[in-house]
file upload23.txt (compact mmCIF, C-alpha atoms and all ligand atoms)
# COMPACT_ATOMS: atom_id res chain seq x y z
CA MET K 1 16.40 -10.11 19.25
CA GLY K 2 14.68 -12.99 17.45
CA GLU K 3 15.28 -14.55 14.07
CA PRO K 4 13.58 -12.63 11.27
CA GLY K 5 12.07 -15.87 9.86
CA PRO K 6 12.28 -17.06 6.27
CA VAL K 7 12.76 -14.25 3.79
CA GLY K 8 9.62 -12.26 3.28
CA VAL K 9 7.24 -14.19 5.51
CA ALA K 10 6.47 -12.79 8.95
CA PRO K 11 5.55 -15.61 11.35
CA GLY K 12 1.75 -15.74 11.49
CA GLY K 13 1.55 -12.56 9.46
CA HIS K 14 1.34 -11.04 6.04
CA GLU K 15 2.68 -12.99 3.07
CA PRO K 16 4.24 -10.53 0.63
CA VAL K 17 2.85 -10.61 -2.90
CA MET K 18 4.95 -11.23 -6.04
CA ILE K 19 8.17 -11.00 -4.08
CA ARG K 20 10.35 -12.58 -6.76
CA GLN K 21 9.13 -10.13 -9.40
CA VAL K 22 9.65 -7.15 -7.06
CA VAL K 23 13.26 -8.07 -6.30
CA SER K 24 14.10 -8.81 -9.92
CA LEU K 25 12.47 -5.66 -11.37
CA LEU K 26 14.20 -3.47 -8.80
CA ALA K 27 17.51 -5.04 -9.88
CA CYS K 28 18.56 -5.12 -6.22
CA ALA K 29 22.32 -4.81 -5.71
CA PRO K 30 24.75 -4.08 -2.87
CA GLY K 31 25.44 -0.47 -2.08
CA ARG K 32 22.05 0.71 -3.30
CA LEU K 33 19.35 2.52 -1.37
CA TYR K 34 15.67 1.57 -1.60
CA LEU K 35 12.42 3.04 -0.34
CA ASP K 36 9.70 0.63 0.75
CA ALA K 37 6.74 3.03 0.88
CA THR K 38 4.39 0.47 2.47
CA LEU K 39 6.53 -1.45 4.93
CA GLY K 40 3.74 -3.50 6.56
CA ASP K 41 5.24 -6.64 8.08
CA GLY K 42 8.44 -5.91 6.18
CA GLY K 43 8.30 -8.86 3.78
CA HIS K 44 9.32 -6.93 0.68
CA ALA K 45 11.85 -4.89 2.67
CA GLN K 46 13.46 -8.06 3.96
CA ALA K 47 13.67 -9.58 0.48
CA ILE K 48 15.30 -6.38 -0.81
CA LEU K 49 17.77 -6.36 2.10
CA GLU K 50 18.70 -9.97 1.36
CA ALA K 51 19.04 -9.36 -2.39
CA SER K 52 21.19 -6.28 -1.84
CA ALA K 53 23.39 -7.76 0.92
CA PRO K 54 25.78 -6.95 2.41
CA THR K 55 25.54 -3.19 1.94
CA GLY K 56 22.17 -2.37 0.38
CA ARG K 57 19.88 -0.27 2.55
CA VAL K 58 16.16 0.26 2.89
CA VAL K 59 14.08 3.11 4.25
CA GLY K 60 10.70 1.65 5.21
CA LEU K 61 7.64 3.87 5.62
CA ASP K 62 4.30 2.93 7.09
CA TRP K 63 1.63 5.11 8.66
CA ASP K 64 0.34 2.28 10.85
CA ALA K 65 2.10 2.51 14.22
CA GLU K 66 1.58 -1.21 14.89
CA ALA K 67 3.15 -2.20 11.56
CA VAL K 68 6.11 0.08 12.26
CA ALA K 69 6.67 -1.44 15.71
CA ARG K 70 6.39 -5.01 14.43
CA ALA K 71 8.61 -4.58 11.38
CA THR K 72 11.22 -2.76 13.48
CA ARG K 73 11.33 -5.69 15.91
CA ARG K 74 11.22 -8.37 13.25
CA LEU K 75 13.96 -6.90 11.07
CA ALA K 76 16.20 -5.64 13.89
CA LEU K 77 18.91 -8.09 12.79
CA TYR K 78 19.54 -5.95 9.71
CA GLY K 79 20.77 -3.15 11.99
CA GLU K 80 21.55 0.12 10.29
CA ARG K 81 20.75 -1.26 6.85
CA LEU K 82 17.06 -0.64 7.63
CA THR K 83 15.59 2.69 8.73
CA VAL K 84 11.91 2.61 9.69
CA VAL K 85 9.81 5.78 9.58
CA HIS K 86 6.25 6.18 10.85
CA ASP K 87 4.69 8.38 8.18
CA SER K 88 2.44 8.39 5.15
CA PHE K 89 4.06 7.84 1.77
CA VAL K 90 2.47 11.14 0.79
CA ASN K 91 5.22 12.67 2.92
CA ALA K 92 7.98 10.49 1.44
CA PRO K 93 9.98 13.44 0.01
CA ALA K 94 10.10 15.21 3.39
CA ALA K 95 10.68 11.96 5.30
CA LEU K 96 13.67 11.13 3.10
CA ARG K 97 14.99 14.67 3.27
CA ALA K 98 14.88 14.48 7.07
CA LEU K 99 17.26 11.51 6.74
CA GLY K 100 19.53 13.49 4.42
CA VAL K 101 18.35 11.59 1.35
CA GLU K 102 17.38 13.26 -1.93
CA VAL K 103 16.97 10.26 -4.24
CA VAL K 104 16.93 6.48 -4.04
CA ASP K 105 17.78 3.66 -6.45
CA GLY K 106 14.45 1.89 -6.17
CA ILE K 107 10.98 2.28 -4.73
CA VAL K 108 8.39 -0.37 -3.94
CA ALA K 109 4.79 0.29 -2.95
CA ASP K 110 2.48 -2.61 -2.15
CA LEU K 111 -0.85 -0.89 -1.80
CA GLY K 112 -3.90 -1.58 0.31
CA VAL K 113 -4.33 -3.38 3.55
CA SER K 114 -2.12 -6.08 5.08
CA SER K 115 -3.46 -9.47 6.16
CA ARG K 116 -2.35 -8.56 9.64
CA GLN K 117 -4.58 -5.44 9.62
CA LEU K 118 -7.43 -7.39 8.05
CA GLU K 119 -7.25 -10.17 10.61
CA THR K 120 -7.05 -7.95 13.68
CA ALA K 121 -10.72 -7.74 14.67
CA GLU K 122 -10.47 -4.48 16.58
CA ARG K 123 -9.14 -2.64 13.52
CA GLY K 124 -12.57 -3.12 11.93
CA PHE K 125 -11.46 -4.07 8.40
CA SER K 126 -13.08 -7.50 8.26
CA PHE K 127 -16.70 -8.38 7.58
CA GLN K 128 -15.97 -11.78 9.13
CA ARG K 129 -14.78 -10.61 12.53
CA GLU K 130 -16.79 -8.61 15.01
CA GLY K 131 -15.14 -5.28 15.70
CA PRO K 132 -15.74 -1.54 15.73
CA LEU K 133 -16.37 0.08 12.33
CA ASP K 134 -12.96 1.75 12.34
CA MET K 135 -10.83 0.84 9.27
CA ARG K 136 -8.19 3.52 9.83
CA MET K 137 -4.72 2.30 8.92
CA ASP K 138 -3.29 5.36 10.65
CA ARG K 139 -5.19 5.71 13.89
CA ARG K 140 -4.19 9.36 14.16
CA ARG K 141 -6.62 10.14 11.35
CA PRO K 142 -9.93 11.59 12.52
CA THR K 143 -12.47 9.82 10.29
CA THR K 144 -13.54 6.21 10.88
CA ALA K 145 -15.87 4.02 8.84
CA ALA K 146 -18.50 4.54 11.55
CA HIS K 147 -18.34 8.30 10.89
CA LEU K 148 -18.99 7.74 7.18
CA VAL K 149 -21.84 5.24 7.50
CA ASN K 150 -23.59 7.23 10.23
CA ARG K 151 -23.17 10.72 8.81
CA LEU K 152 -22.97 10.74 5.00
CA PRO K 153 -26.21 11.41 3.12
CA ALA K 154 -27.47 8.46 1.05
CA PRO K 155 -26.36 9.86 -2.37
CA ALA K 156 -22.79 10.44 -1.15
CA LEU K 157 -22.65 6.98 0.43
CA ALA K 158 -23.97 5.43 -2.79
CA ARG K 159 -21.36 7.29 -4.86
CA LEU K 160 -18.59 6.06 -2.60
CA LEU K 161 -19.77 2.43 -2.79
CA ARG K 162 -20.09 2.63 -6.57
CA GLU K 163 -16.79 4.39 -7.24
CA TYR K 164 -14.50 2.56 -4.81
CA GLY K 165 -16.39 -0.72 -4.48
CA GLU K 166 -17.82 -1.04 -8.00
CA GLU K 167 -20.96 -2.13 -6.12
CA ARG K 168 -24.04 -2.59 -8.34
CA PHE K 169 -26.38 -2.32 -5.37
CA ALA K 170 -24.77 0.88 -4.07
CA LEU K 171 -27.95 2.95 -3.84
CA ARG K 172 -29.97 0.17 -2.21
CA ILE K 173 -27.24 -0.40 0.37
CA ALA K 174 -26.88 3.34 1.05
CA ARG K 175 -30.64 3.72 1.58
CA ALA K 176 -30.74 0.69 3.87
CA ILE K 177 -27.87 2.15 5.91
CA VAL K 178 -29.74 5.45 6.28
CA ARG K 179 -32.91 3.62 7.38
CA ALA K 180 -31.00 1.46 9.87
CA ARG K 181 -29.09 4.34 11.44
CA ALA K 182 -32.32 6.26 11.99
CA ARG K 183 -33.12 3.55 14.56
CA ALA K 184 -29.62 3.24 16.05
CA PRO K 185 -26.11 4.09 14.82
CA LEU K 186 -24.26 1.32 12.97
CA THR K 187 -21.18 0.70 15.03
CA THR K 188 -19.89 -2.80 14.31
CA THR K 189 -18.49 -4.70 11.35
CA LEU K 190 -20.91 -7.63 11.62
CA ALA K 191 -23.97 -5.36 11.88
CA LEU K 192 -22.95 -3.73 8.59
CA ALA K 193 -22.10 -7.07 6.96
CA ARG K 194 -25.54 -8.49 7.93
CA LEU K 195 -27.27 -5.41 6.55
CA VAL K 196 -25.50 -5.76 3.19
CA GLU K 197 -26.31 -9.49 3.08
CA GLN K 198 -29.98 -8.63 3.52
CA VAL K 199 -30.02 -5.89 0.89
CA ILE K 200 -28.35 -7.77 -1.97
CA PRO K 201 -30.75 -10.40 -3.33
CA ARG K 202 -29.33 -13.87 -2.76
CA ARG K 203 -29.41 -14.73 -6.46
CA ALA K 204 -27.15 -11.71 -7.10
CA TRP K 205 -24.54 -12.59 -4.44
CA PRO K 206 -21.09 -12.72 -5.99
CA ARG K 207 -19.80 -16.27 -6.46
CA GLN K 208 -16.24 -15.93 -5.20
CA ILE K 209 -16.51 -13.26 -2.54
CA HIS K 210 -18.72 -12.37 0.41
CA PRO K 211 -21.53 -9.95 -0.54
CA ALA K 212 -20.13 -7.29 1.84
CA THR K 213 -16.61 -7.39 0.32
CA ARG K 214 -17.20 -4.45 -2.01
CA THR K 215 -18.87 -2.30 0.64
CA PHE K 216 -16.01 -2.88 3.07
CA GLN K 217 -13.38 -2.21 0.41
CA ALA K 218 -15.10 1.05 -0.58
CA LEU K 219 -15.35 2.29 3.00
CA ARG K 220 -11.72 1.39 3.69
CA MET K 221 -10.55 3.27 0.60
CA ALA K 222 -12.59 6.33 1.60
CA VAL K 223 -11.57 6.29 5.28
CA ASN K 224 -7.90 6.17 4.29
CA ALA K 225 -8.16 8.52 1.27
CA GLU K 226 -6.32 5.81 -0.64
CA THR K 227 -6.73 7.11 -4.18
CA GLU K 228 -5.92 10.70 -3.23
CA ASN K 229 -2.82 9.57 -1.36
CA LEU K 230 -1.72 7.37 -4.24
CA GLU K 231 -2.10 10.27 -6.69
CA ALA K 232 0.02 12.53 -4.50
CA PHE K 233 2.68 9.84 -4.09
CA LEU K 234 2.81 9.05 -7.81
CA ALA K 235 3.23 12.75 -8.60
CA ALA K 236 6.26 12.97 -6.30
CA LEU K 237 7.75 9.59 -7.18
CA PRO K 238 9.82 10.43 -10.29
CA ARG K 239 11.76 13.09 -8.41
CA LEU K 240 12.62 10.57 -5.69
CA LEU K 241 14.37 8.26 -8.14
CA CYS K 242 17.92 8.68 -9.32
CA PRO K 243 18.42 8.44 -13.10
CA GLY K 244 18.17 4.73 -13.92
CA GLY K 245 16.28 4.18 -10.65
CA ARG K 246 13.24 1.94 -10.69
CA ALA K 247 9.79 1.88 -9.15
CA VAL K 248 7.52 -1.11 -8.63
CA VAL K 249 3.90 -0.62 -7.56
CA ILE K 250 1.46 -3.41 -6.74
CA ALA K 251 -2.21 -2.37 -6.92
CA PHE K 252 -5.27 -4.40 -5.96
CA HIS K 253 -7.95 -2.22 -7.51
CA SER K 254 -8.49 -1.28 -11.15
CA LEU K 255 -8.83 2.40 -10.28
CA GLU K 256 -5.42 2.35 -8.60
CA ASP K 257 -3.83 0.35 -11.39
CA ARG K 258 -5.07 2.94 -13.88
CA LEU K 259 -3.49 5.74 -11.85
CA VAL K 260 -0.18 3.86 -11.72
CA LYS K 261 -0.28 3.19 -15.48
CA GLN K 262 -0.94 6.84 -16.30
CA ALA K 263 1.68 8.16 -13.90
CA PHE K 264 4.34 5.76 -15.18
CA ARG K 265 3.57 6.58 -18.80
CA SER K 266 3.62 10.32 -18.29
CA SER K 267 6.85 10.72 -16.37
CA LEU K 268 8.87 7.49 -16.40
CA ARG K 269 9.78 4.70 -18.80
CA PRO K 270 7.44 1.77 -18.17
CA LEU K 271 9.15 -1.63 -17.88
CA THR K 272 5.85 -3.52 -17.97
CA ARG K 273 3.47 -2.83 -20.88
CA ARG K 274 0.67 -4.72 -19.17
CA PRO K 275 0.48 -5.30 -15.45
CA LEU K 276 2.12 -8.51 -14.27
CA ARG K 277 -0.19 -10.91 -12.45
CA PRO K 278 0.78 -13.48 -9.82
CA GLU K 279 1.26 -17.06 -10.92
CA ALA K 280 -1.54 -19.56 -10.21
CA GLU K 281 0.63 -21.30 -7.64
CA GLU K 282 1.03 -18.06 -5.68
CA VAL K 283 -2.71 -17.36 -5.74
CA ALA K 284 -3.42 -20.91 -4.54
CA ARG K 285 -1.02 -20.39 -1.62
CA ASN K 286 -2.00 -16.80 -0.88
CA PRO K 287 -5.53 -15.84 -2.03
CA ARG K 288 -4.82 -12.16 -1.23
CA ALA K 289 -2.57 -12.15 -4.30
CA ARG K 290 -5.60 -12.89 -6.50
CA SER K 291 -6.22 -9.33 -7.68
CA ALA K 292 -2.62 -8.04 -7.59
CA ARG K 293 -1.41 -6.06 -10.59
CA LEU K 294 2.25 -5.15 -10.64
CA ARG K 295 3.73 -2.38 -12.78
CA ALA K 296 7.34 -1.26 -12.95
CA ALA K 297 9.01 1.76 -14.48
CA GLU K 298 12.43 3.35 -14.71
CA ARG K 299 13.55 6.92 -14.54
CA PRO K 300 15.45 7.47 -17.78
CA ALA K 301 19.07 8.44 -17.44
CA GLU K 302 18.26 11.69 -19.25
CA THR K 303 15.81 13.17 -16.83
CA GLU K 304 13.14 15.82 -16.88
CA THR K 305 15.78 18.14 -15.44
CA GLY K 306 17.25 18.00 -18.94
CA PRO K 307 19.87 15.88 -20.68
CA GLY K 308 23.23 16.05 -19.04
CA ARG K 309 21.94 17.81 -15.93
CA ALA K 310 22.18 15.65 -12.89
CA ALA K 311 19.30 15.46 -10.46
CA PRO K 312 20.02 16.76 -6.98
CA GLY K 313 22.32 14.47 -5.10
CA HIS K 314 24.13 13.09 -8.12
CA GLU K 315 27.67 13.25 -9.26
CA ALA K 316 28.94 11.66 -12.45
CA GLY K 317 25.76 9.73 -13.00
CA ARG K 318 25.84 7.85 -9.70
CA PRO K 319 23.75 8.98 -6.81
CA SER K 320 25.25 10.37 -3.71
CA ARG K 321 21.98 9.75 -2.01
CA ALA K 322 22.70 10.74 1.53
CA ARG K 323 23.45 14.44 1.60
CA GLY K 324 24.17 16.91 4.30
CA GLY K 325 25.49 14.35 6.73
CA GLY K 326 22.49 12.06 6.31
CA ASP K 327 22.73 8.96 8.40
CA VAL K 328 20.83 6.47 6.28
C1 LIG S 401 -0.20 -4.66 1.66
S1 LIG S 401 0.53 -4.01 3.07
C2 LIG S 401 2.24 -4.06 2.72
C3 LIG S 401 2.86 -5.36 3.10
C4 LIG S 401 4.36 -5.38 2.94
N1 LIG S 401 4.77 -5.18 1.56
C5 LIG S 401 4.93 -6.69 3.47
O1 LIG S 401 5.63 -7.37 2.71
O2 LIG S 401 4.69 -7.03 4.62
C6 LIG S 401 0.20 -2.32 2.90
C7 LIG S 401 0.78 -1.46 4.00
O3 LIG S 401 0.79 -0.14 3.51
C8 LIG S 401 0.46 0.72 4.55
N2 LIG S 401 -0.05 1.95 3.93
C9 LIG S 401 -1.19 2.11 3.22
N3 LIG S 401 -1.31 3.39 2.84
C10 LIG S 401 -0.21 4.04 3.30
C11 LIG S 401 0.25 5.37 3.23
N4 LIG S 401 -0.45 6.34 2.62
N5 LIG S 401 1.44 5.66 3.78
C12 LIG S 401 2.17 4.71 4.41
N6 LIG S 401 1.77 3.45 4.55
C13 LIG S 401 0.59 3.11 3.99
C14 LIG S 401 -0.55 -0.02 5.38
O4 LIG S 401 -0.59 0.48 6.69
C15 LIG S 401 -0.02 -1.46 5.29
O5 LIG S 401 0.81 -1.75 6.38

call {"tool": "encode", "arguments": {"input": "upload23.txt", "output": "structure tokens"}}
result
Amino acid sequence: MGEPGPVGVAPGGHEPVMIRQVVSLLACAPGRLYLDATLGDGGHAQAILEASAPTGRVVGLDWDAEAVARATRRLALYGERLTVVHDSFVNAPAALRALGVEVVDGIVADLGVSSRQLETAERGFSFQREGPLDMRMDRRRPTTAAHLVNRLPAPALARLLREYGEERFALRIARAIVRARARAPLTTTLALARLVEQVIPRRAWPRQIHPATRTFQALRMAVNAETENLEAFLAALPRLLCPGGRAVVIAFHSLEDRLVKQAFRSSLRPLTRRPLRPEAEEVARNPRARSARLRAAERPAETETGPGRAAPGHEAGRPSRARGGGDV
């Protein structure tokens, strides 16, 4: 069993974004139970475990088997304070119930892809590393990026690039993909990146990012049904929080941030009127933080179940989170 490393930073891995803000907005304290819906390398989970020591606990979910294995190994020193589950956050209610948990004191979701996933060439997320056009975070899912680029008709491809990638040249790229695949299927990341580079006129290349960034982001979001999954998770989220419980969501895409804003406004009490952005120093150290938007919200003590009526799993205003002999 090795050392877990400095809080939040996995050796050679993903640097968690806005960690200080996450811990402070969750008001981490001993004895509390937290759900990390996107465990990844476990950076946020570790920070929460430290801030809620010695008795705070975390249930960490991730649908990427490799992330689950790594975080389990890396955070083994926390023993029973951490429970790792290999599942999608869409299934968070059932996953918690299987552990005997009805509600938690805090939830964090740090959306999107981890640096570790991005930098592993064979996962196919990066336009800078040669790999198969895969992009599945959960490799049990049937659809890869190669399926989409080689099968979707041009209008559907263009819509996807426009909606998820906010790509101005969506139709041109989609048509070029269809022409290219008529000769031979597009199977690798660099082949697609080169194609996009050729389609977007050089004078229109974005200044700060590679011209294929938007195309790759759009395909990744489609392959992983990211917006649909986020919508389902946000719909279930208020019922997973105990009264007074808090949720923090970090989004990296304006579409996702809008969904978080709407969901928080409609069923929780927002704690952030505008999304918090990382400080310049953090962005300089960790460029992935650049587009992060963090929102937090609280479940009011008087809940949608009606004033004075406790949510399941609560007695006298404090959660008895683990029910039915739950072992978390
Ligand atoms: C940005 S990383 C999280 C990094 C983590 N906060 C840390 O500190 O290391 C996002 C993680 O969420 C996972 N993920 C994305 N969508 C998911 C979903 N629907 N269910 C569960 N995990 C998901 C990805 O596999 C990835 O590991």

call {"tool": "closest_residue", "arguments": {"input": "upload23.txt", "among": "K:Ala154, K:Val101, K:Val68, K:Leu294", "to": "Arg172 in chain K", "atoms": "all atoms listed in the file"}}
result
K:Ala154

call {"tool": "residues_around", "arguments": {"input": "upload23.txt", "residues": "range 131-134 of chain K", "least_positions_apart": "6", "cutoff": "12 Å", "atoms": "only C-alpha atoms", "output": "PyMOL selection string"}}
result
chain K and resi 117-125+140-150+185-193+216+219-220+222-224

call {"tool": "residues_around", "arguments": {"input": "upload23.txt", "residues": "Ala29 in chain K", "least_positions_apart": "2", "cutoff": "10 Å", "atoms": "all atoms listed in the file", "output": "list in words"}}
result
Val23, Leu26, Ala27, Gly31, Arg32, Leu33, Ile48, Leu49, Glu50, Ala51, Ser52, Ala53, Pro54, Thr55, Gly56, Arg57 and Asp105 of chain K

call {"tool": "residues_near_ligand", "arguments": {"input": "upload23.txt", "ligand": "ligand LIG 401 (chain S)", "cutoff": "7 Å", "atoms": "only C-alpha atoms and all ligand atoms", "output": "PyMOL selection string"}}
result
chain K and resi 8+14-16+37-45+61-64+67+87-90+110-114+137-138+226+229

call {"tool": "residues_around", "arguments": {"input": "upload23.txt", "residues": "Ala251 in chain K", "least_positions_apart": "2", "cutoff": "12 Å", "atoms": "all atoms listed in the file", "output": "PyMOL selection string"}}
result
chain K and resi 17-18+38+108-113+226-227+230+248-249+253-261+275-278+288-296

call {"tool": "atom_distance", "arguments": {"input": "upload23.txt", "atom1": "CA of Arg273 in chain K", "atom2": "CA of Ala236 in chain K"}}
result
21.7 Å

call {"tool": "atom_distance", "arguments": {"input": "upload23.txt", "atom1": "CA of Gln21 in chain K", "atom2": "CA of Pro238 in chain K"}}
result
20.6 Å

call {"tool": "residues_around", "arguments": {"input": "upload23.txt", "residues": "Pro155 in chain K", "least_positions_apart": "5", "cutoff": "12 Å", "atoms": "all atoms listed in the file", "output": "MDAnalysis selection string"}}
result
chainID K and resid 149 160:162 170:178

call {"tool": "atom_distance", "arguments": {"input": "upload23.txt", "atom1": "CA of Ala69 in chain K", "atom2": "CA of Leu241 in chain K"}}
result
26.9 Å

call {"tool": "decode", "arguments": {"input": "upload23.txt", "residues": "range 211-227 of chain K", "atoms": "C-alpha atoms", "output": "CSV table (one decimal), in the first residue's frame"}}
result
chain,number,residue,atom,x,y,z
K,211,PRO,CA,-8.5,23.4,-34.8
K,212,ALA,CA,-9.7,19.9,-34.0
K,213,THR,CA,-10.5,20.6,-30.3
K,214,ARG,CA,-14.1,21.4,-30.9
K,215,THR,CA,-14.7,18.3,-33.2
K,216,PHE,CA,-13.1,16.0,-30.6
K,217,GLN,CA,-15.0,17.6,-27.7
K,218,ALA,CA,-18.3,17.2,-29.7
K,219,LEU,CA,-17.6,13.5,-30.5
K,220,ARG,CA,-16.6,12.7,-26.9
K,221,MET,CA,-19.8,14.3,-25.6
K,222,ALA,CA,-21.9,12.4,-28.1
K,223,VAL,CA,-20.2,9.0,-27.5
K,224,ASN,CA,-20.7,9.3,-23.8
K,225,ALA,CA,-24.2,10.9,-23.9
K,226,GLU,CA,-22.8,13.5,-21.5
K,227,THR,CA,-25.6,16.0,-21.6
